[in-house]
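What follows is upload.pdb (PDB, C-alpha atoms).
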ATOM      1  CA  MET M   5     -11.944 -22.201 -12.324  1.00  0.00           C
ATOM      2  CA  GLU M   6     -14.601 -19.959 -13.727  1.00  0.00           C
ATOM      3  CA  GLY M   7     -14.756 -16.646 -11.887  1.00  0.00           C
ATOM      4  CA  LYS M   8     -11.553 -17.223  -9.921  1.00  0.00           C
ATOM      5  CA  ILE M   9      -8.336 -15.434 -10.698  1.00  0.00           C
ATOM      6  CA  VAL M  10      -5.201 -17.142  -9.489  1.00  0.00           C
ATOM      7  CA  ARG M  11      -2.072 -15.027  -9.251  1.00  0.00           C
ATOM      8  CA  ALA M  12       1.426 -16.218  -8.474  1.00  0.00           C
ATOM      9  CA  ARG M  13       4.163 -14.193  -6.842  1.00  0.00           C
ATOM     10  CA  ARG M  14       7.500 -15.463  -5.611  1.00  0.00           C
ATOM     11  CA  GLY M  15       6.290 -19.028  -5.596  1.00  0.00           C
ATOM     12  CA  ARG M  16       3.124 -18.256  -3.618  1.00  0.00           C
ATOM     13  CA  LYS M  17      -0.401 -18.275  -4.986  1.00  0.00           C
ATOM     14  CA  TRP M  18      -3.534 -16.592  -3.791  1.00  0.00           C
ATOM     15  CA  GLN M  19      -7.063 -16.488  -5.082  1.00  0.00           C
ATOM     16  CA  ASP M  20      -9.072 -13.451  -5.940  1.00  0.00           C
ATOM     17  CA  GLY M  21     -10.675 -11.731  -2.992  1.00  0.00           C
ATOM     18  CA  GLY M  22      -9.066  -8.352  -3.310  1.00  0.00           C
ATOM     19  CA  PRO M  23      -5.791  -7.179  -4.782  1.00  0.00           C
ATOM     20  CA  ALA M  24      -2.596  -8.096  -2.971  1.00  0.00           C
ATOM     21  CA  ILE M  25      -0.780  -4.908  -4.097  1.00  0.00           C
ATOM     22  CA  PRO M  26       1.587  -6.551  -6.593  1.00  0.00           C
ATOM     23  CA  VAL M  27       2.921  -3.224  -7.928  1.00  0.00           C
ATOM     24  CA  PRO M  28       6.182  -2.043  -6.323  1.00  0.00           C
ATOM     25  CA  GLY M  29       5.733   1.213  -4.407  1.00  0.00           C
ATOM     26  CA  MET M  30       1.947   1.092  -4.443  1.00  0.00           C
ATOM     27  CA  LEU M  31       1.529   0.135  -0.785  1.00  0.00           C
ATOM     28  CA  GLU M  32       3.870   2.909   0.315  1.00  0.00           C
ATOM     29  CA  ALA M  33       2.094   5.459  -1.896  1.00  0.00           C
ATOM     30  CA  ILE M  34      -1.305   4.480  -0.479  1.00  0.00           C
ATOM     31  CA  LEU M  35      -0.055   4.667   3.108  1.00  0.00           C
ATOM     32  CA  LEU M  36       1.546   8.063   2.522  1.00  0.00           C
ATOM     33  CA  MET M  37      -1.692   9.332   0.967  1.00  0.00           C
ATOM     34  CA  HIS M  38      -3.639   8.220   4.048  1.00  0.00           C
ATOM     35  CA  LEU M  39      -1.088   9.835   6.367  1.00  0.00           C
ATOM     36  CA  ARG M  40      -1.321  13.012   4.333  1.00  0.00           C
ATOM     37  CA  GLY M  41      -4.828  13.281   5.786  1.00  0.00           C
ATOM     38  CA  GLY M  42      -3.485  13.168   9.323  1.00  0.00           C
ATOM     39  CA  PRO M  43      -1.763  10.895  11.861  1.00  0.00           C
ATOM     40  CA  ALA M  44      -3.039   7.348  12.233  1.00  0.00           C
ATOM     41  CA  HIS M  45      -2.359   4.078  14.044  1.00  0.00           C
ATOM     42  CA  GLY M  46      -1.082   1.132  12.010  1.00  0.00           C
ATOM     43  CA  TYR M  47      -4.281  -0.789  12.715  1.00  0.00           C
ATOM     44  CA  ASP M  48      -6.359   2.104  11.353  1.00  0.00           C
ATOM     45  CA  LEU M  49      -4.222   2.249   8.216  1.00  0.00           C
ATOM     46  CA  ALA M  50      -4.627  -1.501   7.656  1.00  0.00           C
ATOM     47  CA  ALA M  51      -8.399  -1.117   8.101  1.00  0.00           C
ATOM     48  CA  ARG M  52      -8.494   1.720   5.556  1.00  0.00           C
ATOM     49  CA  LEU M  53      -6.633  -0.457   3.067  1.00  0.00           C
ATOM     50  CA  ALA M  54      -9.183  -3.237   3.608  1.00  0.00           C
ATOM     51  CA  GLU M  55     -12.047  -0.772   3.131  1.00  0.00           C
ATOM     52  CA  GLY M  56     -10.354   0.409  -0.070  1.00  0.00           C
ATOM     53  CA  GLY M  57     -10.483  -3.082  -1.577  1.00  0.00           C
ATOM     54  CA  PHE M  58      -7.263  -4.606  -0.254  1.00  0.00           C
ATOM     55  CA  SER M  59      -9.011  -6.994   2.129  1.00  0.00           C
ATOM     56  CA  ARG M  60      -6.583  -9.869   1.551  1.00  0.00           C
ATOM     57  CA  LEU M  61      -3.521  -7.840   2.437  1.00  0.00           C
ATOM     58  CA  ASN M  62      -1.549  -9.241   5.351  1.00  0.00           C
ATOM     59  CA  PRO M  63      -1.409  -6.573   8.105  1.00  0.00           C
ATOM     60  CA  GLY M  64       2.214  -7.574   8.710  1.00  0.00           C
ATOM     61  CA  LEU M  65       3.061  -6.091   5.311  1.00  0.00           C
ATOM     62  CA  VAL M  66       1.551  -2.786   6.408  1.00  0.00           C
ATOM     63  CA  TYR M  67       3.665  -2.675   9.563  1.00  0.00           C
ATOM     64  CA  ARG M  68       6.823  -3.651   7.665  1.00  0.00           C
ATOM     65  CA  ALA M  69       6.149  -0.894   5.128  1.00  0.00           C
ATOM     66  CA  LEU M  70       5.580   1.612   7.932  1.00  0.00           C
ATOM     67  CA  ARG M  71       8.865   0.634   9.630  1.00  0.00           C
ATOM     68  CA  GLY M  72      10.720   0.875   6.340  1.00  0.00           C
ATOM     69  CA  MET M  73       9.274   4.304   5.573  1.00  0.00           C
ATOM     70  CA  GLU M  74      10.179   5.478   9.062  1.00  0.00           C
ATOM     71  CA  GLU M  75      13.764   4.286   8.559  1.00  0.00           C
ATOM     72  CA  LEU M  76      13.846   6.318   5.327  1.00  0.00           C
ATOM     73  CA  GLY M  77      12.571   9.394   7.170  1.00  0.00           C
ATOM     74  CA  TRP M  78       9.331   9.562   5.173  1.00  0.00           C
ATOM     75  CA  ILE M  79       7.155   9.192   8.267  1.00  0.00           C
ATOM     76  CA  ARG M  80       7.503   9.639  12.015  1.00  0.00           C
ATOM     77  CA  SER M  81       5.968   7.696  14.841  1.00  0.00           C
ATOM     78  CA  ALA M  82       5.265   8.271  18.517  1.00  0.00           C
ATOM     79  CA  TRP M  83       3.565   6.260  21.221  1.00  0.00           C
ATOM     80  CA  ASP M  84      -0.008   7.269  21.969  1.00  0.00           C
ATOM     81  CA  GLY M  85      -0.330   6.728  25.694  1.00  0.00           C
ATOM     82  CA  GLU M  86      -3.583   8.657  25.949  1.00  0.00           C
ATOM     83  CA  SER M  87      -5.712   6.016  24.270  1.00  0.00           C
ATOM     84  CA  SER M  88      -8.880   5.383  26.248  1.00  0.00           C
ATOM     85  CA  TYR M  89      -8.633   1.629  25.717  1.00  0.00           C
ATOM     86  CA  GLY M  90      -5.861  -0.936  25.548  1.00  0.00           C
ATOM     87  CA  PRO M  91      -2.118  -0.498  25.670  1.00  0.00           C
ATOM     88  CA  PRO M  92      -0.319   2.460  24.095  1.00  0.00           C
ATOM     89  CA  ARG M  93      -0.213   2.307  20.301  1.00  0.00           C
ATOM     90  CA  ARG M  94       2.191   3.807  17.811  1.00  0.00           C
ATOM     91  CA  VAL M  95       0.825   6.776  15.855  1.00  0.00           C
ATOM     92  CA  TYR M  96       2.338   7.484  12.432  1.00  0.00           C
ATOM     93  CA  SER M  97       2.497  10.871  10.728  1.00  0.00           C
ATOM     94  CA  LEU M  98       3.845  12.151   7.442  1.00  0.00           C
ATOM     95  CA  ALA M  99       7.287  13.804   7.554  1.00  0.00           C
ATOM     96  CA  PRO M 100       8.374  16.400   4.944  1.00  0.00           C
ATOM     97  CA  PRO M 101      10.569  13.908   3.018  1.00  0.00           C
ATOM     98  CA  GLY M 102       7.457  11.718   2.730  1.00  0.00           C
ATOM     99  CA  GLU M 103       5.766  14.375   0.593  1.00  0.00           C
ATOM    100  CA  GLN M 104       8.634  14.195  -1.911  1.00  0.00           C
ATOM    101  CA  ALA M 105       8.662  10.402  -1.771  1.00  0.00           C
ATOM    102  CA  MET M 106       4.913  10.287  -2.389  1.00  0.00           C
ATOM    103  CA  GLY M 107       5.338  12.391  -5.520  1.00  0.00           C
ATOM    104  CA  ASP M 108       8.144  10.132  -6.741  1.00  0.00           C
ATOM    105  CA  LEU M 109       6.102   6.994  -6.048  1.00  0.00           C
ATOM    106  CA  VAL M 110       3.040   8.375  -7.826  1.00  0.00           C
ATOM    107  CA  ARG M 111       5.131   9.280 -10.876  1.00  0.00           C
ATOM    108  CA  GLY M 112       6.477   5.721 -10.888  1.00  0.00           C
ATOM    109  CA  LEU M 113       2.944   4.349 -10.663  1.00  0.00           C
ATOM    110  CA  GLN M 114       1.892   6.589 -13.552  1.00  0.00           C
ATOM    111  CA  GLU M 115       4.691   5.112 -15.666  1.00  0.00           C
ATOM    112  CA  ILE M 116       3.637   1.576 -14.720  1.00  0.00           C
ATOM    113  CA  ARG M 117       0.038   2.458 -15.639  1.00  0.00           C
ATOM    114  CA  ARG M 118       1.218   3.794 -19.002  1.00  0.00           C
ATOM    115  CA  LEU M 119       3.073   0.535 -19.676  1.00  0.00           C
ATOM    116  CA  ILE M 120       0.050  -1.538 -18.636  1.00  0.00           C
ATOM    117  CA  ASP M 121      -2.201   0.574 -20.882  1.00  0.00           C
ATOM    118  CA  ASP M 122       0.204  -0.064 -23.784  1.00  0.00           C
ATOM    119  CA  VAL M 123       0.050  -3.829 -23.231  1.00  0.00           C
ATOM    120  CA  ILE M 124      -3.754  -3.785 -23.002  1.00  0.00           C
ATOM    121  CA  ALA M 125      -4.053  -1.642 -26.141  1.00  0.00           C
ATOM    122  CA  ALA M 126      -1.738  -3.988 -28.061  1.00  0.00           C
ATOM    123  CA  TYR M 127      -3.781  -6.973 -26.919  1.00  0.00           C
ATOM    124  CA  GLU M 128      -7.061  -5.332 -27.893  1.00  0.00           C
ATOM    125  CA  ARG M 129      -5.715  -4.542 -31.361  1.00  0.00           C
ATOM    126  CA  GLN M 130      -5.008  -8.254 -31.831  1.00  0.00           C
ATOM    127  CA  ILE M 131      -8.444  -9.571 -30.851  1.00  0.00           C
TER
END

Show me this structure written as structure tokens.
Amino acid sequence: MEGKIVRARRGRKWQDGGPAIPVPGMLEAILLMHLRGGPAHGYDLAARLAEGGFSRLNPGLVYRALRGMEELGWIRSAWDGESSYGPPRRVYSLAPPGEQAMGDLVRGLQEIRRLIDDVIAAYERQI
């Protein structure tokens, strides 16, 4: 399987075609960062993730993450009934607790990166 990376997670496999966000907290951190730039619809957030290299990400995961973050009070949502096309859509925005959560998530990601760097450095010393 030259050129193909196969990853397994919870019994499922997928082939390379963009990361599937396997790092805990990464999806939430990315969504919060996007919402830090201003309110957005879930569809727009999913599209931004795809543009950022996460093209194989199931949009359902995005909506589940958004609901979970709303339940935690990190984000707020409201129906946008003024859309010029289609039915009303939910617009998400960053809430003050989301700023704190984003900082906590980024610090966790930095620790994961440090651990990954340690593993890579150890491997490179052995080859």

### Query
Between M:Phe58, M:Tyr96, M:Trp83, M:Tyr127, which one has atoms that come closest to Leu36 in chain M, using only C-alpha atoms?
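So, comparing all the options, the nearest one is M:Tyr96.
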
#### Entry: Shortest interatomic distance to Gly42 in chain M - which of M:Tyr89, M:Arg68, M:Leu61, M:Ala99, counting only C-alpha atoms
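Using only C-alpha atoms, Gly42 in chain M sits closest to M:Ala99.
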
### Shortest interatomic distance to Leu31 in chain M - which of M:Ile79, M:Pro91, M:Pro100, M:Leu113, counting only C-alpha atoms
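That would be M:Leu113, the residue with the smallest distance to Leu31 in chain M.
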
### Task
Step by step, work through what the PyMOL selection byres ((chain M and resi 46) around 9) selects in the shown file, and finish by giving those residues as a list of chain:residue names.
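Here the PyMOL selection byres ((chain M and resi 46) around 9) matches M:Ala44, M:His45, M:Tyr47, M:Asp48, M:Leu49, M:Ala50, M:Ala51, M:Pro63, M:Val66, M:Tyr67, M:Leu70, M:Arg93, M:Arg94, M:Val95, M:Tyr96.
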
### Task
On this file, the PyMOL selection byres ((chain M and resi 104-106) around 9) gives some set of residues; write that set as a ChimeraX atom specification.
/M:32-34,36-37,78,100-103,107-111

Give me the residues of range 25-45 of chain M that have any atom at most 12 Å from an atom of range 115-120 of chain M; for each, the nearest atom pair and the distance in Å, rounded to one decimal. Use all atoms listed in the file, sort by chain and number, and format it as CSV.
residue,atom,partner,partner_atom,distance
M:Pro26,CA,M:Ile116,CA,11.7
M:Val27,CA,M:Ile116,CA,8.3
M:Pro28,CA,M:Ile116,CA,9.5
M:Gly29,CA,M:Ile116,CA,10.5
M:Met30,CA,M:Ile116,CA,10.4

Axis-aligned box for range 31-36 of chain M, 3 Å per side, centre and edges in Å as JSON:
{"center_x": 1.3, "center_y": 4.1, "center_z": 0.6, "size_x": 11.2, "size_y": 13.9, "size_z": 11.0}

### Query
Between CA of Ala69 in chain M and CA of Leu53 in chain M, what is the spacing in Å?
13.0 Å

### Task
Would you mind reading off the distance between CA of Met73 in chain M and CA of His38 in chain M, one decimal, in Å?
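Straight-line distance from CA of Met73 in chain M to CA of His38 in chain M works out to 13.6 Å.
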
### Task
Take CA of Gly77 in chain M and CA of Gly64 in chain M and report the distance between them in Å, one decimal.
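Spanning CA of Gly77 in chain M to CA of Gly64 in chain M is a straight-line distance of 19.9 Å.
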